[in-house]
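*Asks:* Here you go, this is coords_8.cif (mmCIF, C-alpha atoms and all ligand atoms).
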```
data_input
#
loop_
_atom_site.group_PDB
_atom_site.id
_atom_site.type_symbol
_atom_site.label_atom_id
_atom_site.label_comp_id
_atom_site.auth_asym_id
_atom_site.auth_seq_id
_atom_site.Cartn_x
_atom_site.Cartn_y
_atom_site.Cartn_z
ATOM 1 C CA MET A 136 -112.848 -53.241 -77.842
ATOM 2 C CA LYS A 137 -109.324 -54.566 -77.253
ATOM 3 C CA ARG A 138 -106.669 -51.930 -76.814
ATOM 4 C CA ARG A 139 -103.640 -52.054 -79.082
ATOM 5 C CA LYS A 140 -100.487 -52.783 -77.050
ATOM 6 C CA THR A 141 -97.812 -52.295 -79.701
ATOM 7 C CA ALA A 142 -96.864 -48.962 -81.219
ATOM 8 C CA ARG A 143 -98.150 -48.378 -84.711
ATOM 9 C CA ARG A 144 -95.106 -47.787 -86.925
ATOM 10 C CA ALA A 145 -95.395 -46.499 -90.464
ATOM 11 C CA LEU A 146 -92.861 -46.731 -93.262
ATOM 12 C CA ILE A 147 -92.649 -43.986 -95.846
ATOM 13 C CA PRO A 148 -90.620 -45.467 -98.692
ATOM 14 C CA GLY A 149 -89.290 -43.637 -101.721
ATOM 15 C CA SER A 150 -86.332 -42.682 -103.860
ATOM 16 C CA PHE A 151 -86.290 -39.121 -102.463
ATOM 17 C CA ASP A 152 -83.881 -37.967 -105.176
ATOM 18 C CA PRO A 153 -84.160 -35.351 -103.751
ATOM 19 C CA VAL A 154 -86.760 -34.969 -100.995
ATOM 20 C CA THR A 155 -89.387 -32.353 -101.971
ATOM 21 C CA ASN A 156 -91.904 -30.183 -100.127
ATOM 22 C CA GLY A 157 -94.509 -32.784 -101.144
ATOM 23 C CA HIS A 158 -92.588 -35.606 -99.457
ATOM 24 C CA LEU A 159 -92.055 -33.495 -96.347
ATOM 25 C CA ASP A 160 -95.745 -32.666 -96.159
ATOM 26 C CA VAL A 161 -96.557 -36.407 -96.174
ATOM 27 C CA ILE A 162 -93.834 -37.135 -93.582
ATOM 28 C CA ARG A 163 -95.126 -34.382 -91.258
ATOM 29 C CA ARG A 164 -98.742 -35.513 -91.554
ATOM 30 C CA ALA A 165 -97.868 -39.202 -91.066
ATOM 31 C CA SER A 166 -95.898 -38.289 -87.939
ATOM 32 C CA THR A 167 -99.142 -37.019 -86.380
ATOM 33 C CA LEU A 168 -101.105 -40.131 -87.376
ATOM 34 C CA PHE A 169 -98.675 -42.863 -86.264
ATOM 35 C CA ASP A 170 -96.675 -43.514 -83.107
ATOM 36 C CA ASP A 171 -93.478 -43.521 -85.091
ATOM 37 C CA VAL A 172 -92.399 -43.182 -88.673
ATOM 38 C CA VAL A 173 -89.451 -44.637 -90.561
ATOM 39 C CA VAL A 174 -88.609 -42.871 -93.805
ATOM 40 C CA ALA A 175 -87.148 -45.620 -96.002
ATOM 41 C CA VAL A 176 -84.802 -44.369 -98.720
ATOM 42 C CA LEU A 177 -84.322 -46.852 -101.568
ATOM 43 C CA ALA A 178 -80.545 -47.182 -101.961
ATOM 44 C CA ASN A 179 -80.375 -48.640 -105.477
ATOM 45 C CA THR A 180 -83.030 -46.970 -107.549
ATOM 46 C CA GLY A 181 -82.259 -48.769 -110.825
ATOM 47 C CA LYS A 182 -81.355 -45.488 -112.460
ATOM 48 C CA THR A 183 -78.280 -43.550 -111.378
ATOM 49 C CA PRO A 184 -79.539 -41.199 -108.671
ATOM 50 C CA TRP A 185 -78.391 -37.580 -108.444
ATOM 51 C CA PHE A 186 -77.675 -38.011 -104.762
ATOM 52 C CA THR A 187 -76.150 -40.985 -102.970
ATOM 53 C CA ALA A 188 -78.334 -42.827 -100.472
ATOM 54 C CA ARG A 189 -76.314 -41.250 -97.665
ATOM 55 C CA GLU A 190 -76.858 -37.752 -99.078
ATOM 56 C CA ARG A 191 -80.595 -38.369 -99.535
ATOM 57 C CA VAL A 192 -80.875 -39.659 -95.959
ATOM 58 C CA GLY A 193 -78.916 -36.633 -94.688
ATOM 59 C CA LEU A 194 -81.137 -34.133 -96.507
ATOM 60 C CA ILE A 195 -84.314 -35.711 -95.085
ATOM 61 C CA GLU A 196 -82.840 -35.949 -91.576
ATOM 62 C CA ALA A 197 -81.981 -32.266 -91.634
ATOM 63 C CA GLU A 198 -85.527 -31.320 -92.633
ATOM 64 C CA ALA A 199 -87.250 -33.751 -90.237
ATOM 65 C CA ARG A 200 -85.164 -32.756 -87.194
ATOM 66 C CA SER A 201 -88.162 -31.134 -85.515
ATOM 67 C CA LEU A 202 -90.184 -34.377 -85.690
ATOM 68 C CA PRO A 203 -89.052 -36.553 -82.752
ATOM 69 C CA ASN A 204 -90.913 -39.683 -83.874
ATOM 70 C CA VAL A 205 -89.370 -39.745 -87.383
ATOM 71 C CA ARG A 206 -86.224 -41.723 -88.288
ATOM 72 C CA VAL A 207 -84.599 -41.994 -91.684
ATOM 73 C CA ARG A 208 -82.961 -45.197 -92.966
ATOM 74 C CA SER A 209 -81.812 -46.505 -96.336
ATOM 75 C CA PHE A 210 -82.792 -49.921 -97.600
ATOM 76 C CA GLY A 211 -82.167 -52.297 -100.481
ATOM 77 C CA GLY A 212 -84.161 -55.264 -101.756
ATOM 78 C CA LEU A 213 -87.862 -55.706 -101.268
ATOM 79 C CA LEU A 214 -89.823 -53.149 -99.290
ATOM 80 C CA VAL A 215 -91.811 -55.868 -97.503
ATOM 81 C CA ASP A 216 -88.554 -57.423 -96.253
ATOM 82 C CA PHE A 217 -87.410 -54.078 -94.914
ATOM 83 C CA ALA A 218 -90.838 -53.540 -93.345
ATOM 84 C CA ARG A 219 -90.486 -56.869 -91.529
ATOM 85 C CA ARG A 220 -87.000 -55.974 -90.273
ATOM 86 C CA ALA A 221 -88.204 -52.523 -89.185
ATOM 87 C CA ARG A 222 -91.292 -54.063 -87.510
ATOM 88 C CA ALA A 223 -93.649 -51.871 -89.524
ATOM 89 C CA THR A 224 -96.953 -53.051 -90.953
ATOM 90 C CA VAL A 225 -98.167 -49.833 -92.524
ATOM 91 C CA VAL A 226 -96.735 -48.210 -95.640
ATOM 92 C CA VAL A 227 -97.667 -44.584 -96.286
ATOM 93 C CA ARG A 228 -97.532 -43.107 -99.771
ATOM 94 C CA GLY A 229 -98.519 -39.669 -100.977
ATOM 95 C CA LEU A 230 -100.978 -39.352 -103.861
ATOM 96 C CA ARG A 231 -100.717 -36.225 -105.975
ATOM 97 C CA GLY A 232 -103.619 -37.077 -108.270
ATOM 98 C CA GLY A 233 -105.088 -39.537 -110.739
ATOM 99 C CA ALA A 234 -101.832 -39.990 -112.601
ATOM 100 C CA ASP A 235 -100.250 -41.498 -109.478
ATOM 101 C CA LEU A 236 -103.159 -43.737 -108.651
ATOM 102 C CA GLU A 237 -102.719 -46.686 -111.022
ATOM 103 C CA ASN A 238 -99.057 -47.181 -110.262
ATOM 104 C CA GLU A 239 -99.560 -46.709 -106.528
ATOM 105 C CA MET A 240 -102.447 -49.181 -106.427
ATOM 106 C CA ALA A 241 -100.319 -51.742 -108.274
ATOM 107 C CA MET A 242 -97.458 -51.277 -105.796
ATOM 108 C CA ALA A 243 -99.816 -51.535 -102.819
ATOM 109 C CA ARG A 244 -101.384 -54.714 -104.207
ATOM 110 C CA THR A 245 -97.986 -56.232 -104.991
ATOM 111 C CA ASN A 246 -96.705 -55.537 -101.510
ATOM 112 C CA ARG A 247 -99.800 -57.058 -99.926
ATOM 113 C CA ASP A 248 -99.475 -60.126 -102.167
ATOM 114 C CA LEU A 249 -95.859 -60.462 -101.054
ATOM 115 C CA ASP A 250 -96.753 -60.019 -97.397
ATOM 116 C CA ALA A 251 -100.413 -59.885 -96.345
ATOM 117 C CA ARG A 252 -99.507 -58.019 -93.154
ATOM 118 C CA VAL A 253 -98.307 -54.960 -95.052
ATOM 119 C CA GLU A 254 -101.132 -52.475 -95.561
ATOM 120 C CA THR A 255 -100.677 -49.306 -97.626
ATOM 121 C CA VAL A 256 -102.464 -46.078 -96.787
ATOM 122 C CA PHE A 257 -102.486 -43.052 -99.052
ATOM 123 C CA LEU A 258 -102.333 -39.407 -98.062
ATOM 124 C CA GLY A 259 -103.646 -36.992 -100.653
ATOM 125 C CA ALA A 260 -101.253 -34.162 -101.475
ATOM 126 C CA SER A 261 -101.936 -30.854 -99.730
ATOM 127 C CA SER A 262 -102.827 -27.916 -101.921
ATOM 128 C CA GLY A 263 -99.654 -26.403 -103.254
ATOM 129 C CA THR A 264 -97.738 -29.677 -103.529
ATOM 130 C CA GLN A 265 -99.784 -31.600 -106.130
ATOM 131 C CA HIS A 266 -97.384 -30.640 -108.917
ATOM 132 C CA VAL A 267 -94.150 -31.244 -107.016
ATOM 133 C CA ALA A 268 -91.986 -34.165 -108.142
ATOM 134 C CA SER A 269 -88.298 -34.989 -107.690
ATOM 135 C CA ARG A 270 -87.984 -35.512 -111.454
ATOM 136 C CA LEU A 271 -89.176 -31.943 -112.123
ATOM 137 C CA VAL A 272 -86.819 -30.596 -109.467
ATOM 138 C CA ARG A 273 -83.867 -32.303 -111.181
ATOM 139 C CA GLU A 274 -84.952 -31.148 -114.630
ATOM 140 C CA ILE A 275 -85.449 -27.524 -113.587
ATOM 141 C CA GLY A 276 -82.164 -27.632 -111.674
ATOM 142 C CA LEU A 277 -80.257 -28.982 -114.646
ATOM 143 C CA LEU A 278 -81.662 -26.260 -116.902
ATOM 144 C CA GLY A 279 -80.613 -23.564 -114.435
ATOM 145 C CA GLY A 280 -84.104 -22.681 -113.122
ATOM 146 C CA ARG A 281 -85.114 -21.912 -109.547
ATOM 147 C CA VAL A 282 -86.410 -24.824 -107.476
ATOM 148 C CA ASP A 283 -86.965 -22.816 -104.291
ATOM 149 C CA GLY A 284 -90.735 -23.216 -104.212
ATOM 150 C CA LEU A 285 -90.538 -26.975 -104.649
ATOM 151 C CA VAL A 286 -87.940 -28.008 -102.081
ATOM 152 C CA PRO A 287 -86.572 -26.601 -98.793
ATOM 153 C CA ARG A 288 -83.685 -24.096 -99.012
ATOM 154 C CA ARG A 289 -81.006 -26.613 -98.022
ATOM 155 C CA VAL A 290 -82.179 -29.034 -100.727
ATOM 156 C CA ALA A 291 -82.293 -26.233 -103.321
ATOM 157 C CA VAL A 292 -78.650 -25.446 -102.532
ATOM 158 C CA ALA A 293 -77.712 -29.126 -102.952
ATOM 159 C CA VAL A 294 -79.643 -29.315 -106.253
ATOM 160 C CA ARG A 295 -77.891 -26.216 -107.606
ATOM 161 C CA ALA A 296 -74.479 -27.639 -106.692
ATOM 162 C CA ARG A 297 -75.216 -31.030 -108.253
ATOM 163 C CA ALA A 298 -76.670 -29.462 -111.392
ATOM 164 C CA ALA A 299 -73.580 -27.282 -111.792
ATOM 165 C CA ALA A 300 -71.315 -30.336 -111.416
ATOM 166 C CA LEU A 301 -73.343 -32.300 -113.962
ATOM 167 C CA ARG A 302 -73.291 -29.394 -116.454
ATOM 168 C CA LYS A 303 -69.522 -29.077 -116.009
ATOM 169 C CA ALA A 304 -69.030 -32.823 -116.543
ATOM 170 C CA ALA A 305 -71.153 -32.664 -119.708
ATOM 171 C CA ARG A 306 -68.978 -29.831 -121.111
ATOM 172 C CA SER A 307 -65.647 -31.634 -120.567
HETATM 173 O O1 LIG B 401 -90.133 -42.429 -104.813
HETATM 174 P P1 LIG B 401 -90.483 -43.591 -105.679
HETATM 175 O O2 LIG B 401 -89.390 -43.818 -106.719
HETATM 176 O O3 LIG B 401 -91.839 -43.477 -106.298
HETATM 177 O O4 LIG B 401 -90.517 -44.883 -104.697
HETATM 178 C C1 LIG B 401 -90.709 -46.188 -105.208
HETATM 179 C C2 LIG B 401 -90.457 -47.254 -104.114
HETATM 180 C C3 LIG B 401 -89.092 -47.050 -103.490
HETATM 181 C C4 LIG B 401 -91.505 -47.125 -103.046
HETATM 182 C C5 LIG B 401 -90.571 -48.647 -104.791
HETATM 183 O O5 LIG B 401 -89.803 -48.658 -105.952
HETATM 184 C C6 LIG B 401 -90.115 -49.782 -103.874
HETATM 185 O O6 LIG B 401 -90.735 -50.064 -102.881
HETATM 186 N N1 LIG B 401 -88.986 -50.431 -104.240
HETATM 187 C C7 LIG B 401 -88.428 -51.521 -103.482
HETATM 188 C C8 LIG B 401 -88.492 -52.825 -104.277
HETATM 189 C C9 LIG B 401 -89.814 -53.521 -104.082
HETATM 190 O O7 LIG B 401 -90.185 -53.875 -102.983
HETATM 191 N N2 LIG B 401 -90.543 -53.733 -105.192
HETATM 192 C C10 LIG B 401 -91.804 -54.446 -105.185
HETATM 193 C C11 LIG B 401 -92.976 -53.615 -104.726
HETATM 194 S S1 LIG B 401 -93.452 -52.367 -105.862
#
```
Let me see the structure of the file written as structure tokens.
*Replies:*
Amino acid sequence: MKRRKTARRALIPGSFDPVTNGHLDVIRRASTLFDDVVVAVLANTGKTPWFTARERVGLIEAEARSLPNVRVRSFGGLLVDFARRARATVVVRGLRGGADLENEMAMARTNRDLDARVETVFLGASSGTQHVASRLVREIGLLGGRVDGLVPRRVAVAVRARAAALRKAARS
């Protein structure tokens, strides 16, 4: 069998608004499966994000510091175009369960239709992270609940601060 000469680079795209323990589990596991990993933070999510792209990148970088083969970048436009620029042919997405599947399959198919070289692989959520979603983190944060079990400490602090600012803005 022919040996592969080029490094296998994976992209992990997402909104990461904010990064959760579920995302970090996928990033850690992908970093052991691929030569290097680029976490691709979608800059313009369509909705107004809680955190700027720069803040989202910073939060992931801080948590992924111990993983030498992981870089974090923001991107705009089509994922397949960013994949081409980043020289990555594999997209990794986490799957929490059946509810994710339909949407994820549609995205994977769309990306492959747009660029046949881009293959998506799915990593099933580890036990303990199946229920974790950025949307829930924001909702709990806004209602004053604790998000400590869902995100790392640094992210929980950032969520509390943003939630407090949003509540203050809503009062004035
Ligand atoms: O964390 P999310 O919000 O589930 O991530 C969705 C993301 C960023 C992977 C997806 O929206 C995306 O790739 N957007 C870039 C635009 C694009 O390429 N769209 C066509 C393929 S679905």
*Asks:* Take the PyMOL selection byres (((not hetatm)) within 8 of (chain B and resi 401)), apply it to the structure above, and return the hits as a list in words.
*Replies:*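 This file, filtered by the PyMOL selection byres (((not hetatm)) within 8 of (chain B and resi 401)), leaves Ile147, Pro148, Gly149, Ser150, Phe151, Asp152, Ala175, Val176, Leu177, Thr180, Gly211, Gly212, Leu213, Leu214, Val215, Asp216, Arg228, Ala241, Met242, Ala243, Thr245 and Asn246 of chain A.
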*Asks:* Pick out the closest residue to A:Thr255 from this set: A:Ile195, A:Phe210, A:Pro153, A:Ala145. Count all atoms listed in the file.
*Replies:*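 Using all atoms listed in the file, the shortest distance to A:Thr255 belongs to A:Ala145.
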*Asks:* Give as an mmCIF file with C-alpha atoms, in the coordinates of the input every residue, naming chains and numbers as the document does, that has an atom within 9 Å of (-78.2, -37.0, -107.4), counting all atoms listed in the file.
*Replies:*
```cif
data_model
loop_
_atom_site.group_PDB
_atom_site.id
_atom_site.type_symbol
_atom_site.label_atom_id
_atom_site.label_comp_id
_atom_site.auth_asym_id
_atom_site.auth_seq_id
_atom_site.Cartn_x
_atom_site.Cartn_y
_atom_site.Cartn_z
ATOM 1 C CA ASP A 152 -83.881 -37.967 -105.176
ATOM 2 C CA PRO A 153 -84.160 -35.351 -103.751
ATOM 3 C CA THR A 183 -78.280 -43.550 -111.378
ATOM 4 C CA PRO A 184 -79.539 -41.199 -108.671
ATOM 5 C CA TRP A 185 -78.391 -37.580 -108.444
ATOM 6 C CA PHE A 186 -77.675 -38.011 -104.762
ATOM 7 C CA THR A 187 -76.150 -40.985 -102.970
ATOM 8 C CA GLU A 190 -76.858 -37.752 -99.078
ATOM 9 C CA ARG A 191 -80.595 -38.369 -99.535
ATOM 10 C CA ARG A 273 -83.867 -32.303 -111.181
ATOM 11 C CA VAL A 294 -79.643 -29.315 -106.253
ATOM 12 C CA ARG A 297 -75.216 -31.030 -108.253
ATOM 13 C CA ALA A 298 -76.670 -29.462 -111.392
#
```
*Asks:* Restricting the calculation to all atoms listed in the file, which member of A:Asp250, A:Val173, A:Ala223, A:Val207 is positioned closest to A:Ala142?
*Replies:*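 Checking each of A:Asp250, A:Val173, A:Ala223, A:Val207 against A:Ala142, counting all atoms listed in the file, the winner is A:Ala223.
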*Asks:* Neighbours of A:Gly229 within 12 Å (all atoms listed in the file; same-chain residues fewer than 2 positions away dropped), as a count of residues only?
*Replies:* 36
*Asks:* Between atom CA of A:Ala305 and atom CA of A:Ile275, what is the spacing in Å?
*Replies:* 16.4 Å
*Asks:* Around all the atoms of stretch 198-203 of chain A listed in the file, with 8 Å of room on each side, what axis-aligned box do you get, giving centre and edge lengths in Å to one decimal, as AutoDock Vina command-line options?
*Replies:*
```
--center_x -87.7 --center_y -33.8 --center_z -87.7 --size_x 21.0 --size_y 21.4 --size_z 25.9
```
*Asks:* Here is a test: counting only C-alpha atoms, which residue of A:Val272, A:Ala234, A:Val225, A:Val172 is nearest to A:Arg247?
*Replies:*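 The closest residue to A:Arg247 is A:Val225.
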*Asks:* At what distance in Å, to one decimal, does atom CA of A:Ala251 lie from atom CA of A:Ser209?
*Replies:*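 So the answer is 22.9 Å.
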*Asks:* Could you expand the PyMOL selection byres (((chain A and resi 277) around 8) and not hetatm) into the explicit residues it covers here, written as a list in words?
*Replies:*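 So the PyMOL selection byres (((chain A and resi 277) around 8) and not hetatm) ends up selecting Arg273, Glu274, Ile275, Gly276, Leu278, Gly279, Gly280, Arg295, Ala298, Ala299, Leu301 and Arg302 of chain A.
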*Asks:* Tell me, in Å to one decimal, how far atom CA of A:His266 is from atom CA of A:Val292.
*Replies:*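 Spanning atom CA of A:His266 to atom CA of A:Val292 is a straight-line distance of 20.5 Å.
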*Asks:* Could you rebuild stretch 151-166 of chain A with N, CA, C and O atoms and give me the result as a compact mmCIF listing (two decimals), keeping the file's coordinate frame?
*Replies:*
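Generated file (part39.txt):
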```
# COMPACT_ATOMS: atom_id res chain seq x y z
N PHE A 151 -86.66 -40.40 -103.08
CA PHE A 151 -86.29 -39.12 -102.46
C PHE A 151 -85.04 -38.53 -103.11
O PHE A 151 -84.07 -38.19 -102.44
N ASP A 152 -85.07 -38.41 -104.44
CA ASP A 152 -83.88 -37.97 -105.18
C ASP A 152 -84.14 -36.65 -105.89
O ASP A 152 -84.22 -36.64 -107.12
N PRO A 153 -84.29 -35.53 -105.20
CA PRO A 153 -84.16 -35.35 -103.75
C PRO A 153 -85.54 -35.26 -103.09
O PRO A 153 -86.56 -35.23 -103.77
N VAL A 154 -85.51 -35.17 -101.75
CA VAL A 154 -86.76 -34.97 -101.00
C VAL A 154 -87.37 -33.62 -101.41
O VAL A 154 -86.64 -32.65 -101.64
N THR A 155 -88.69 -33.58 -101.54
CA THR A 155 -89.39 -32.35 -101.97
C THR A 155 -90.32 -31.86 -100.86
O THR A 155 -90.55 -32.57 -99.86
N ASN A 156 -90.91 -30.69 -101.08
CA ASN A 156 -91.90 -30.18 -100.13
C ASN A 156 -93.10 -31.13 -100.04
O ASN A 156 -93.74 -31.23 -99.00
N GLY A 157 -93.40 -31.82 -101.14
CA GLY A 157 -94.51 -32.78 -101.14
C GLY A 157 -94.20 -33.96 -100.23
O GLY A 157 -95.04 -34.37 -99.41
N HIS A 158 -92.98 -34.51 -100.35
CA HIS A 158 -92.59 -35.61 -99.46
C HIS A 158 -92.66 -35.15 -98.00
O HIS A 158 -93.15 -35.87 -97.13
N LEU A 159 -92.14 -33.96 -97.74
CA LEU A 159 -92.06 -33.49 -96.35
C LEU A 159 -93.44 -33.26 -95.76
O LEU A 159 -93.66 -33.50 -94.57
N ASP A 160 -94.36 -32.84 -96.61
CA ASP A 160 -95.74 -32.67 -96.16
C ASP A 160 -96.32 -34.03 -95.72
O ASP A 160 -96.95 -34.14 -94.66
N VAL A 161 -96.06 -35.06 -96.52
CA VAL A 161 -96.56 -36.41 -96.17
C VAL A 161 -95.87 -36.91 -94.90
O VAL A 161 -96.52 -37.47 -94.00
N ILE A 162 -94.57 -36.68 -94.77
CA ILE A 162 -93.83 -37.14 -93.58
C ILE A 162 -94.39 -36.45 -92.32
O ILE A 162 -94.67 -37.09 -91.31
N ARG A 163 -94.60 -35.14 -92.41
CA ARG A 163 -95.13 -34.38 -91.26
C ARG A 163 -96.51 -34.90 -90.86
O ARG A 163 -96.79 -35.14 -89.69
N ARG A 164 -97.37 -35.08 -91.87
CA ARG A 164 -98.74 -35.51 -91.55
C ARG A 164 -98.75 -36.93 -91.01
O ARG A 164 -99.48 -37.24 -90.05
N ALA A 165 -97.92 -37.82 -91.57
CA ALA A 165 -97.87 -39.20 -91.07
C ALA A 165 -97.36 -39.22 -89.62
O ALA A 165 -97.79 -40.04 -88.82
N SER A 166 -96.46 -38.29 -89.30
CA SER A 166 -95.90 -38.29 -87.94
C SER A 166 -96.96 -37.93 -86.89
O SER A 166 -96.78 -38.22 -85.71
```
